[in-house]
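All remarks here apply to the structure that follows.
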Amino acid sequence: MRTRNTDKQQLVKEKAIALIVKLGFQGFSMNKLAMESRISVATLYIYYKDKDDLIKKIGSEIGNNFFCETLKDFSPEMTFRDGLRQQWRNRSRFALEFPSEVACFEIIRHSAHGEFIMSGISANFKEVMGAFFHNAIARKELMPITLEVFWSIAYGPLYTLLRFNAEGKSMGGKPFELTEALIDEAFELVIKALKP
């Protein structure tokens, strides 16, 4: 039995992410991945049982990295303003540092594998974010609101700005580059909208 080479496995992951982002699931195949990685198809099966296994493992790894990064320097006991600001910092930092991984994760999350990937999110992440939400309402820093509406208002503007930045353009094709001033402007409007 052949052994795993961690450098080669890392290369395969990087190439798989790039191909999924570039080709989507319809164009992605193990044969294309092997060619792009300059290894045999048989070598891929040392690392992954099949294409679905590869996609699930890559999606889970990216998701776990993202959710771990999201909780850096964050506590559910923080004031709503400080906690949400830290969330914006963490989420934007990850998106800006790992744009291919974020794009790949979004493709996987909206696929048939999405439910599997999201079910693997650590219970700790859900618990921490739930506590932050409920603490902010209890302290009257956040208006009572459904979780889904909160999520849309609290994070939707940030993710729209990050998408504009990733695409290099905003509405109508106007060139766009994300700045701290734009993040601050959007953040202040979000805080204003969510205050009781």
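Letters A, B, ... go to the chains of the structure tokens in the order shown; residues in each chain start at 1; ligands are counted from 1 in the same order.
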
Q.
Report as an NGL selection string all protein, DNA and RNA residues lying within 12 Å of A:Leu11, evaluated on only C-alpha atoms, omitting residues in the same chain fewer than 4 positions from it.
A. :A and (5-7 or 15-18 or 33-34 or 36-39 or 44 or 47)

Grab the residues selected above and save them as a PDB file, in the first residue's frame with C-alpha atoms.
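Output file part.pdb follows:
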ATOM      1  CA  ASN A   5       2.782  12.438   1.188  1.00  0.00           C
ATOM      2  CA  THR A   6       1.553  15.484   3.120  1.00  0.00           C
ATOM      3  CA  ASP A   7       3.107  17.978   0.680  1.00  0.00           C
ATOM      4  CA  LYS A  15      -5.584  22.476  -6.867  1.00  0.00           C
ATOM      5  CA  ALA A  16      -9.032  21.072  -5.998  1.00  0.00           C
ATOM      6  CA  ILE A  17     -10.084  24.399  -4.454  1.00  0.00           C
ATOM      7  CA  ALA A  18      -8.853  26.318  -7.508  1.00  0.00           C
ATOM      8  CA  LEU A  33      -7.591  17.290 -10.613  1.00  0.00           C
ATOM      9  CA  ALA A  34      -4.955  14.603 -11.209  1.00  0.00           C
ATOM     10  CA  GLU A  36      -3.677  19.747 -12.689  1.00  0.00           C
ATOM     11  CA  SER A  37      -1.774  18.267  -9.714  1.00  0.00           C
ATOM     12  CA  ARG A  38       0.569  16.322 -12.033  1.00  0.00           C
ATOM     13  CA  ILE A  39      -0.124  13.052 -10.274  1.00  0.00           C
ATOM     14  CA  LEU A  44      -5.801  10.781  -5.494  1.00  0.00           C
ATOM     15  CA  TYR A  47      -6.097  10.638   0.005  1.00  0.00           C
TER      16      TYR A  47
END

Q | Pick from A:Ala193, A:Val128, A:Leu161, A:Met35, whichever lies nearest to A:Glu141 using only C-alpha atoms | A |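 Residue with the minimum atom-to-atom distance to A:Glu141: A:Ala193.
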
Using 8 Å as the limit and counting only C-alpha atoms, can you tabulate each residue of stretch 9-80 of chain A that touches stretch 105-108 of chain A, with its shortest atom-to-atom distance in Å and the two atoms involved, as JSON lines?
{"residue": "A:Ile20", "atom": "CA", "partner": "A:Ile107", "partner_atom": "CA", "distance": 7.8}
{"residue": "A:Val21", "atom": "CA", "partner": "A:Ile107", "partner_atom": "CA", "distance": 7.4}
{"residue": "A:Gly24", "atom": "CA", "partner": "A:Ile107", "partner_atom": "CA", "distance": 7.3}
{"residue": "A:Ile55", "atom": "CA", "partner": "A:Ile108", "partner_atom": "CA", "distance": 7.4}
{"residue": "A:Gly59", "atom": "CA", "partner": "A:Phe105", "partner_atom": "CA", "distance": 5.7}
{"residue": "A:Ile62", "atom": "CA", "partner": "A:Phe105", "partner_atom": "CA", "distance": 6.6}
{"residue": "A:Gly63", "atom": "CA", "partner": "A:Phe105", "partner_atom": "CA", "distance": 7.0}

Export, as a short mmCIF file (atom, residue, chain, number, x, y, z; two decimals), in the first residue's frame, the selected residues with C-alpha atoms.
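out_10.cif, written as the output of this step:
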data_model
loop_
_atom_site.label_atom_id
_atom_site.label_comp_id
_atom_site.auth_asym_id
_atom_site.auth_seq_id
_atom_site.Cartn_x
_atom_site.Cartn_y
_atom_site.Cartn_z
CA ILE A 20 -13.91 24.00 -8.03
CA VAL A 21 -13.85 27.81 -8.00
CA GLY A 24 -17.81 24.58 -10.55
CA ILE A 55 -15.49 17.69 -1.61
CA GLY A 59 -15.57 21.87 2.60
CA ILE A 62 -12.49 25.28 5.20
CA GLY A 63 -15.65 25.64 7.28
#

Q.
I'd like the contact shell of A:Glu188 - 12 Å cut-off, only C-alpha atoms, skipping same-chain residues fewer than 4 positions apart - returned as a list in words.
A.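 Once the adjacent positions are removed, what remains is Arg81, Asp82, Leu84, Arg85, Trp88, Ile153, Ala154, Pro157, Leu158, Ala181, Leu182, Ile183, Asp184, Lys192, Ala193, Leu194 and Lys195 of chain A.
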
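If you measure from each of A:Arg91, A:Lys72, A:Lys56, A:Lys13 to A:Ile117 using only C-alpha atoms, the closest one turns out to be A:Lys56.
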
**Q.** Near-A:Thr70 list (7 Å; only C-alpha atoms; drop same-chain fewer than 3 positions) as a list of chain:residue names
**A.** A:Phe66, A:Phe67, A:Gln87, A:Asn90, A:Arg91

Can I get the selected residues back with N, CA and C atoms, as a CSV table (one decimal), in the first residue's frame?
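Done, and the output landed in selection.csv:
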chain,number,residue,atom,x,y,z
A,66,PHE,N,-12.7,28.6,9.1
A,66,PHE,CA,-13.5,29.8,9.1
A,66,PHE,C,-14.1,30.0,10.5
A,67,PHE,N,-14.9,29.0,11.0
A,67,PHE,CA,-15.6,29.2,12.2
A,67,PHE,C,-14.6,29.4,13.4
A,87,GLN,N,-16.5,40.4,15.2
A,87,GLN,CA,-17.0,39.5,14.2
A,87,GLN,C,-16.7,40.0,12.8
A,90,ASN,N,-12.9,39.6,12.2
A,90,ASN,CA,-12.5,38.3,11.9
A,90,ASN,C,-13.0,37.7,10.6
A,91,ARG,N,-14.3,38.0,10.3
A,91,ARG,CA,-14.8,37.5,9.0
A,91,ARG,C,-14.2,38.1,7.8

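Going from atom CA of A:Phe125 over to atom CA of A:Leu71, you cover 7.5 Å.
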